[in-house]
Structures are given as C-alpha cells and as structure tokens.
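Visitor: Structure below; questions to follow.
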Amino acid sequence: MRGRPPIKNRAAHFWGRVAVSQPSECWEFQGALNSAGYGVFWDGKRLVRAHRYAYETKVGPIPDGLDLCHSCDNPTCVNPGHLWPGTATENIQDMVRKGRSNRRRGESHPDAKLTAAEAIEVFNADGLQREIGDQFGIHQTHVSQIKRGKAWQHITAQSQPDHAKANN
C-alpha cells in the first residue's frame, strides 16, 4: 500500500484542523482551501467543504436541495452556530442584504455600452427596436431587455410613467 495509512477517526482528524474558539466566534479551518476560500476536507471517499462536514458532524444532515449559509460571512469558518441551511436564493438575498454583493450595474459595469441617460432614452424611445438599437449602437435584443425592465432596471424603473408603475 502506498501513501499514508488510513485515518481511523475522521472526525477527530477534522476537528484537529480547526481553531475552536468561543461559541460566538468564528472557528477557522486550518486545512486546505479551495479557490473560493472555503475549507476542504477529504472524508475518506470524497473532497467535501469543511463547513458542511462540521455542520453534519455536530448538527446533522443538511436537508436535500439546501445550501449551507454563513451568518458570519467567513468562508473558512466551520462553527456550526454560524451555519444555517437555506436555499440558493436565500443565500444570495443574505449576501445582498449585508452589502457583500459586488454586482456592478449600469455605467460601472465593464461591458456597459450606454450611459444611464442613454438607457432612459432607449427606454422611452418610440419606434422599431432595431432602429433604436442602431441609433444607440446596441443590438435590438438589448433594446428589448431595456424596455421590458430586464436590463438597466435600476434606472428605468424610476423612469416609468405613473400609470405604468401602478400596473406593475
């Protein structure tokens, strides 16, 4: 047999790689990290995220279809008291609510082809979408997305006539 001998007590091995602190503080995983900054741990069969392993060994199984969210927003934290099961949508909403979203919109987006003023002009423009797109140097589908509130919605929602807002 090559390599290291098998680990007899995986849980003890895992918790030996955790800087356990006070119950209210983050417990930092001291082992390997993946590219997103989450701890990863070999459970004997597969590579698992350390926070998921910690939760399942201390709390229990994570319900099918749910993510494991961090209340502390620290990807290396494995404190079960900081972890809660939630949907992907709940996890994203939590991130946005806490201001951790780095989503760049409008003119601050590196691929933006319009200014905010131009997006409002496109939104309010009458005529064929293809012609509006040609006028502003954008594709017809982008014009359609702006008019339907799928693109630049943070700007165009403020530009809707009052009767249109009432119908939404």
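For the structure tokens, the naming scheme is as follows: chains receive sequential letters (A, B, ...) according to their order of presentation, residues are indexed from 1 within each chain, and ligands are indexed from 1 in presentation order.
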Could you pull the residues within 9 Å of region 34-38 of chain A, counting only C-alpha atoms, minus those fewer than 5 positions along the same chain, as a list in words?
Guide: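 The residues that qualify are Phe29, Arg49, Ala50, His51, Asn74, Pro75, Thr76 and Cys77 of chain A.
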Visitor: Check the smallest atom-to-atom distance from each of A:Lys45, A:Ala32, A:Glu25, A:Lys147 to Cys72 (chain A) using only C-alpha atoms, then report the winner.
Guide: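 So, comparing all the options, the nearest one is A:Glu25.
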Visitor: Would you list, as a PyMOL selection string, the residues of chain A that end up in strand (DSSP E or B) under DSSP run on this structure's backbone?
Guide: chain A and resi 18-19+28-29+33+39-42+47-49+67-70+77+83-86
Visitor: How would you write, as a PyMOL selection string, the set of residues in region 8-138 of chain A that DSSP gives as alpha helix (DSSP H)?
Guide: chain A and resi 10-15+50-58+88-97+116-124+129-136
